[in-house]
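Coordinates from structure.cif are shown below (mmCIF, C-alpha atoms).
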```cif
data_entry
loop_
_atom_site.label_atom_id
_atom_site.label_comp_id
_atom_site.auth_asym_id
_atom_site.auth_seq_id
_atom_site.Cartn_x
_atom_site.Cartn_y
_atom_site.Cartn_z
CA MET A 1 73.26 91.00 106.21
CA VAL A 2 75.66 91.10 109.14
CA ALA A 3 78.45 92.84 107.24
CA ALA A 4 76.17 95.76 106.38
CA VAL A 5 75.33 96.70 109.98
CA PRO A 6 78.61 98.47 110.89
CA ALA A 7 78.72 100.03 107.42
CA VAL A 8 75.29 101.63 107.93
CA LEU A 9 76.35 102.90 111.36
CA LEU A 10 79.55 104.26 109.80
CA VAL A 11 77.60 106.29 107.25
CA LEU A 12 75.24 107.67 109.90
CA VAL A 13 78.09 108.77 112.15
CA GLN A 14 79.98 110.34 109.23
CA ILE A 15 76.87 112.36 108.36
CA ALA A 16 76.99 113.74 111.90
CA TYR A 17 80.58 114.97 111.53
CA PRO A 18 79.86 118.35 109.87
CA LEU A 19 77.11 119.00 112.44
CA THR A 20 79.46 118.85 115.42
CA GLY A 21 82.40 120.79 116.76
CA GLY A 22 84.92 120.81 119.60
CA VAL A 23 84.96 117.78 121.89
CA ALA A 24 81.87 116.33 120.24
CA ARG A 25 83.60 116.34 116.85
CA ASP A 26 86.65 114.63 118.34
CA ARG A 27 84.37 111.88 119.66
CA VAL A 28 82.67 111.56 116.29
CA THR A 29 86.09 111.29 114.64
CA VAL A 30 87.07 108.44 116.95
CA ALA A 31 83.71 106.74 116.33
CA VAL A 32 84.15 107.05 112.55
CA VAL A 33 87.61 105.48 112.74
CA GLY A 34 86.38 102.66 114.98
CA LEU A 35 83.38 101.88 112.80
CA SER A 36 85.43 101.97 109.60
CA ALA A 37 87.85 99.43 111.07
CA VAL A 38 84.99 97.25 112.38
CA THR A 39 83.28 97.39 108.98
CA ALA A 40 86.45 96.23 107.28
CA LEU A 41 87.26 93.48 109.76
CA VAL A 42 83.71 92.11 109.94
CA HIS A 43 83.60 91.80 106.17
CA ALA A 44 87.07 90.28 106.05
CA GLY A 45 86.14 87.80 108.77
CA LEU A 46 82.96 86.75 106.99
CA THR A 47 84.55 86.33 103.58
CA ARG A 48 88.03 85.09 104.47
CA GLY A 49 87.83 83.92 108.06
CA VAL A 50 88.92 85.37 111.41
CA ARG A 51 92.56 84.37 110.88
CA TRP A 52 92.78 86.24 107.58
CA ALA A 53 91.05 89.30 109.04
CA ALA A 54 93.49 89.30 111.96
CA GLY A 55 96.40 89.11 109.52
CA PHE A 56 95.02 92.05 107.56
CA LEU A 57 94.78 94.05 110.79
CA VAL A 58 98.33 93.18 111.81
CA ILE A 59 99.77 94.06 108.39
CA VAL A 60 97.95 97.34 107.80
CA SER A 61 97.60 98.70 111.33
CA GLY A 62 101.04 97.43 112.27
CA ILE A 63 102.76 99.11 109.34
CA GLY A 64 100.57 102.17 109.77
CA LEU A 65 101.53 102.56 113.44
CA ALA A 66 105.22 102.03 112.71
CA ALA A 67 105.15 104.59 109.90
CA GLU A 68 103.38 107.15 112.09
CA VAL A 69 105.73 106.66 115.04
CA VAL A 70 108.78 106.99 112.82
CA GLY A 71 107.16 109.83 110.91
CA THR A 72 106.39 111.98 113.94
CA ALA A 73 109.84 111.32 115.41
CA THR A 74 111.98 111.84 112.30
CA GLY A 75 109.86 113.38 109.53
CA VAL A 76 110.35 110.27 107.38
CA PRO A 77 108.56 109.20 105.20
CA PHE A 78 105.79 111.84 105.21
CA GLY A 79 107.52 115.03 106.30
CA ALA A 80 107.64 116.82 109.66
CA TYR A 81 104.31 116.82 111.51
CA GLU A 82 102.83 116.26 114.95
CA TYR A 83 99.46 115.26 116.36
CA ALA A 84 97.38 117.42 118.66
CA VAL A 85 97.70 116.23 122.24
CA GLY A 86 94.78 114.62 124.08
CA ARG A 87 92.11 114.91 121.40
CA LEU A 88 91.80 111.39 119.96
CA GLY A 89 92.28 109.24 123.03
CA PRO A 90 95.26 107.19 124.23
CA GLU A 91 98.57 107.68 122.47
CA PHE A 92 101.73 105.73 121.84
CA ALA A 93 104.92 107.68 121.16
CA GLY A 94 102.86 110.74 120.31
CA VAL A 95 100.54 108.88 117.91
CA PRO A 96 96.86 108.39 118.84
CA LEU A 97 96.09 104.67 118.87
CA VAL A 98 93.04 105.22 116.68
CA VAL A 99 95.35 106.24 113.82
CA PRO A 100 96.53 102.71 112.89
CA LEU A 101 92.87 101.63 112.94
CA ALA A 102 92.16 104.42 110.45
CA TRP A 103 94.68 102.82 108.10
CA THR A 104 92.81 99.51 108.32
CA GLY A 105 89.40 101.08 107.78
CA GLY A 106 90.59 103.21 104.87
CA ILE A 107 92.83 100.77 103.04
CA TYR A 108 90.43 97.80 103.11
CA PRO A 109 87.81 99.12 100.63
CA VAL A 110 90.63 100.41 98.42
CA TRP A 111 92.19 96.94 98.48
CA ILE A 112 88.88 95.28 97.55
CA VAL A 113 88.19 97.68 94.68
CA SER A 114 91.79 97.36 93.43
CA GLY A 115 91.29 93.60 93.32
CA LEU A 116 88.08 93.91 91.34
CA LEU A 117 89.69 96.29 88.85
CA SER A 118 92.85 94.25 88.36
CA SER A 119 90.85 91.05 87.85
CA ALA A 120 88.59 92.82 85.34
CA VAL A 121 91.64 93.98 83.41
CA GLY A 122 92.97 90.43 83.32
CA GLU A 123 89.69 89.08 81.97
CA GLN A 124 89.26 91.87 79.44
CA VAL A 125 92.78 91.94 78.01
CA SER A 126 93.67 88.28 78.07
CA ARG A 127 93.14 85.32 80.30
CA THR A 128 96.80 84.47 79.74
CA VAL A 129 98.12 87.63 81.42
CA PRO A 130 100.77 86.47 83.92
CA GLN A 131 99.38 86.46 87.43
CA VAL A 132 102.35 88.45 88.68
CA ARG A 133 101.36 91.37 86.42
CA LEU A 134 97.85 91.41 87.83
CA MET A 135 99.31 91.31 91.33
CA MET A 136 101.54 94.30 90.57
CA LEU A 137 98.61 96.13 89.01
CA ARG A 138 96.68 95.63 92.23
CA VAL A 139 99.63 96.94 94.22
CA TRP A 140 99.80 100.07 92.08
CA LEU A 141 96.05 100.64 92.25
CA THR A 142 96.15 100.27 96.03
CA MET A 143 98.96 102.82 96.23
CA LEU A 144 97.05 105.31 94.08
CA GLY A 145 93.83 104.69 95.98
CA ALA A 146 95.56 105.27 99.31
CA VAL A 147 96.88 108.64 98.12
CA GLY A 148 93.45 109.51 96.72
CA TRP A 149 91.90 108.83 100.11
CA ASP A 150 94.52 110.98 101.83
CA LEU A 151 93.69 113.88 99.52
CA PHE A 152 90.42 113.99 101.46
CA LEU A 153 91.77 112.92 104.85
CA ASP A 154 94.74 115.19 105.36
CA PRO A 155 93.10 118.53 104.48
CA GLN A 156 90.07 117.66 106.62
CA MET A 157 92.08 116.68 109.68
CA VAL A 158 94.51 119.60 109.32
CA ALA A 159 91.58 122.01 109.08
CA ASP A 160 90.17 120.43 112.25
CA GLY A 161 93.52 120.78 114.03
CA GLN A 162 94.08 117.05 114.57
CA TRP A 163 97.65 117.32 113.31
CA GLU A 164 99.94 120.08 112.13
CA TRP A 165 102.63 120.08 109.47
CA LYS A 166 106.00 121.54 110.45
CA SER A 167 107.66 121.18 107.07
CA GLY A 168 108.09 124.21 104.89
CA ALA A 169 108.24 122.06 101.76
CA VAL A 170 106.08 122.90 98.76
CA GLY A 171 102.58 121.44 98.57
CA LEU A 172 99.87 121.09 95.95
CA PRO A 173 98.33 124.34 94.66
CA GLY A 174 95.68 125.35 97.17
CA LEU A 175 96.94 122.82 99.74
CA GLY A 176 100.31 124.37 100.46
CA GLN A 177 100.16 123.51 104.17
CA ILE A 178 100.57 119.81 103.31
CA PRO A 179 103.97 119.02 101.75
CA LEU A 180 104.33 116.86 98.65
CA THR A 181 106.54 114.55 100.69
CA ASN A 182 103.38 113.44 102.47
CA TYR A 183 101.97 111.88 99.32
CA LEU A 184 105.28 110.25 98.46
CA GLY A 185 105.27 108.76 101.95
CA TRP A 186 101.76 107.44 101.45
CA LEU A 187 102.83 105.80 98.20
CA ALA A 188 105.74 104.10 99.93
CA VAL A 189 103.78 102.91 102.96
CA ALA A 190 100.85 101.73 100.84
CA ALA A 191 103.25 99.86 98.55
CA LEU A 192 104.67 97.90 101.49
CA MET A 193 101.19 97.13 102.78
CA ALA A 194 99.94 96.02 99.37
CA VAL A 195 102.89 93.73 98.67
CA LEU A 196 102.46 91.99 102.03
CA LEU A 197 98.70 91.78 101.50
CA GLU A 198 99.26 90.10 98.14
CA VAL A 199 101.25 87.41 99.93
CA TRP A 200 98.67 87.11 102.72
CA ASP A 201 95.83 87.07 100.21
CA ARG A 202 96.88 83.63 99.00
CA THR A 203 96.32 82.06 102.41
CA ALA A 204 92.50 81.98 102.39
CA ILE A 205 89.76 81.52 99.80
CA ASP A 206 87.32 84.37 99.28
CA THR A 207 83.66 83.30 99.59
CA GLY A 208 82.51 86.52 97.95
CA ALA A 209 79.89 87.15 100.64
CA ALA A 210 78.69 90.75 101.03
CA ARG A 211 81.28 92.22 98.67
CA VAL A 212 78.78 94.99 98.02
CA VAL A 213 79.63 96.36 101.48
CA PRO A 214 83.27 97.41 100.90
CA VAL A 215 82.41 98.58 97.38
CA ALA A 216 79.59 100.72 98.79
CA VAL A 217 81.91 102.07 101.49
CA PHE A 218 84.46 102.97 98.81
CA LEU A 219 81.86 104.78 96.70
CA TRP A 220 80.50 106.56 99.76
CA THR A 221 84.00 107.64 100.77
CA TRP A 222 84.72 108.93 97.28
CA LEU A 223 81.46 110.69 96.43
CA GLY A 224 80.29 111.49 99.95
CA SER A 225 83.63 113.03 100.91
CA ALA A 226 83.67 115.15 97.76
CA LEU A 227 80.20 116.46 98.59
CA ALA A 228 81.03 117.03 102.26
CA HIS A 229 84.25 118.89 101.50
CA ALA A 230 82.64 121.05 98.83
CA VAL A 231 79.39 121.89 100.62
CA PHE A 232 79.59 121.28 104.37
CA LEU A 233 83.25 121.63 105.36
CA ALA A 234 84.22 124.62 103.21
CA LEU A 235 87.12 122.70 101.67
CA PRO A 236 86.46 123.00 97.93
CA ILE A 237 90.08 122.48 96.89
CA SER A 238 90.39 119.13 98.65
CA ALA A 239 86.97 118.19 97.25
CA ILE A 240 88.44 118.55 93.77
CA TYR A 241 91.73 116.81 94.55
CA GLY A 242 90.07 113.98 96.45
CA PHE A 243 87.43 113.40 93.81
CA ALA A 244 90.11 113.22 91.13
CA GLY A 245 92.46 111.11 93.26
CA LEU A 246 89.99 108.41 94.29
CA GLY A 247 88.40 108.74 90.87
CA VAL A 248 91.42 106.90 89.46
CA LEU A 249 89.74 103.84 90.96
CA GLY A 250 86.18 105.09 91.26
CA ILE A 251 85.55 106.01 87.63
CA PRO A 252 86.65 102.67 86.14
CA LEU A 253 84.80 100.90 88.96
CA VAL A 254 81.51 102.62 88.12
CA ARG A 255 82.03 102.10 84.41
CA GLY A 256 82.85 98.45 84.96
CA LEU A 257 79.79 97.89 87.14
CA MET A 258 77.51 99.62 84.65
CA ALA A 259 78.93 97.61 81.75
CA ARG A 260 78.87 94.43 83.86
CA ARG A 261 82.56 93.91 83.27
CA ILE A 262 82.86 94.03 87.05
CA THR A 263 80.50 92.03 89.20
CA LEU A 264 80.38 91.42 92.92
CA ARG A 265 80.60 87.67 92.54
CA PRO A 266 83.53 85.71 94.04
CA LEU A 267 86.78 86.05 92.11
CA GLY A 268 88.14 82.70 93.22
CA HIS A 269 91.67 81.40 94.02
CA GLY A 270 91.89 83.52 97.16
CA THR A 271 91.79 86.87 95.40
CA MET A 272 89.43 89.56 96.67
#
```
Go ahead and express the file in the form of structure tokens.
Amino acid sequence: MVAAVPAVLLVLVQIAYPLTGGVARDRVTVAVVGLSAVTALVHAGLTRGVRWAAGFLVIVSGIGLAAEVVGTATGVPFGAYEYAVGRLGPEFAGVPLVVPLAWTGGIYPVWIVSGLLSSAVGEQVSRTVPQVRLMMLRVWLTMLGAVGWDLFLDPQMVADGQWEWKSGAVGLPGLGQIPLTNYLGWLAVAALMAVLLEVWDRTAIDTGAARVVPVAVFLWTWLGSALAHAVFLALPISAIYGFAGLGVLGIPLVRGLMARRITLRPLGHGTM
């Protein structure tokens, strides 16, 4: 299965992350970001076509880059922060160019799982639920999933020195170095991405091929990150927050798969 190849490589490289340090860890970080984006785009290209995958990249990485450039320059929408210089490769306006690719690699499995959950809700509650409500549900789930992912990402990268928060604003208990404005910013940016993706989603039919790949990547990100933070990275607080945050999607996903309310078959009408 072609779509599984970059996903397997992604998992192997992520396993190497806790075993490295210094320059080697920076290189592993870049490799993880690159492979996560490739995994997402290969799957999108296989199931929706190259044009749709390119549109996904433009929407998510484009908005992600714009948000990061504005964010580092003004402190809006995340709060005041800055990236370490020269650690993650080429930069644009103080933002490493791998960062927008991280948005693509991270948001894609969240988007897929949000689609599966919202479709399952529509089938379970009533087949007459207005489509717009299911679309908005998917938008909200994507927003929550994005924040859940960042509850792992931000503490890990801050601990590794990849970026530093300058804001003195209050943070979550145990994660005081990361202001609450960060999570509000993630909600706002993810909302814009998800709304545009809902529009773009109608432009190509989903074949349903290899949907197990992004679902497996999501589950690995959720459960594997919780384990890594708790055991290997000495970040038990973010392990708890991240597990709970992504669990908003992960728990109903697992329950739905076990009860066969959610399957990995095609959803039809261009919805992932």
**Report entry** Residues matched by the PyMOL selection byres ((chain A and resi 17) around 12), written as number ranges by chain
**Finding:** A: 10-16, 18-33, 156-157, 160, 225, 228-229, 232-233
Requested in this report: Measuring atom to atom with only C-alpha atoms, identify which of A:Pro214, A:Met143, A:Met193, A:Thr181 is nearest to Gly168 of chain A.
Outcome: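 Ranking A:Pro214, A:Met143, A:Met193, A:Thr181 by distance to Gly168 of chain A, first place goes to A:Thr181.
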Given the file shown, enumerate the residues that the PyMOL selection byres ((chain A and resi 99-115) around 8) captures and present them as a CSV table (one decimal) with C-alpha atoms, keeping the file's coordinate frame.
```
chain,number,residue,atom,x,y,z
A,33,VAL,CA,87.6,105.5,112.7
A,34,GLY,CA,86.4,102.7,115.0
A,35,LEU,CA,83.4,101.9,112.8
A,36,SER,CA,85.4,102.0,109.6
A,37,ALA,CA,87.8,99.4,111.1
A,38,VAL,CA,85.0,97.2,112.4
A,39,THR,CA,83.3,97.4,109.0
A,40,ALA,CA,86.4,96.2,107.3
A,56,PHE,CA,95.0,92.0,107.6
A,57,LEU,CA,94.8,94.0,110.8
A,60,VAL,CA,98.0,97.3,107.8
A,61,SER,CA,97.6,98.7,111.3
A,62,GLY,CA,101.0,97.4,112.3
A,64,GLY,CA,100.6,102.2,109.8
A,65,LEU,CA,101.5,102.6,113.4
A,95,VAL,CA,100.5,108.9,117.9
A,96,PRO,CA,96.9,108.4,118.8
A,97,LEU,CA,96.1,104.7,118.9
A,98,VAL,CA,93.0,105.2,116.7
A,116,LEU,CA,88.1,93.9,91.3
A,117,LEU,CA,89.7,96.3,88.8
A,118,SER,CA,92.8,94.2,88.4
A,119,SER,CA,90.8,91.0,87.8
A,138,ARG,CA,96.7,95.6,92.2
A,139,VAL,CA,99.6,96.9,94.2
A,141,LEU,CA,96.0,100.6,92.2
A,142,THR,CA,96.2,100.3,96.0
A,145,GLY,CA,93.8,104.7,96.0
A,146,ALA,CA,95.6,105.3,99.3
A,149,TRP,CA,91.9,108.8,100.1
A,194,ALA,CA,99.9,96.0,99.4
A,214,PRO,CA,83.3,97.4,100.9
A,215,VAL,CA,82.4,98.6,97.4
A,217,VAL,CA,81.9,102.1,101.5
A,218,PHE,CA,84.5,103.0,98.8
A,249,LEU,CA,89.7,103.8,91.0
A,253,LEU,CA,84.8,100.9,89.0
A,271,THR,CA,91.8,86.9,95.4
A,272,MET,CA,89.4,89.6,96.7
```
Requested in this report: Can you work out the spacing between atom CA of Ile63 of chain A and atom CA of Ala190 of chain A in Å, to one decimal?
Outcome: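 Those two atoms sit 9.1 Å apart.
Minimum distance to Thr263 of chain A across A:Val212, A:Ala159, A:Val50, A:Val70 (counting all atoms listed in the file) occurs at A:Val212.
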**Report entry** Computed interatomic separation between atom CA of Val248 of chain A and atom CA of Leu172 of chain A (Å)
**Finding:**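 Pair atom CA of Val248 of chain A / atom CA of Leu172 of chain A returns 17.7 Å.
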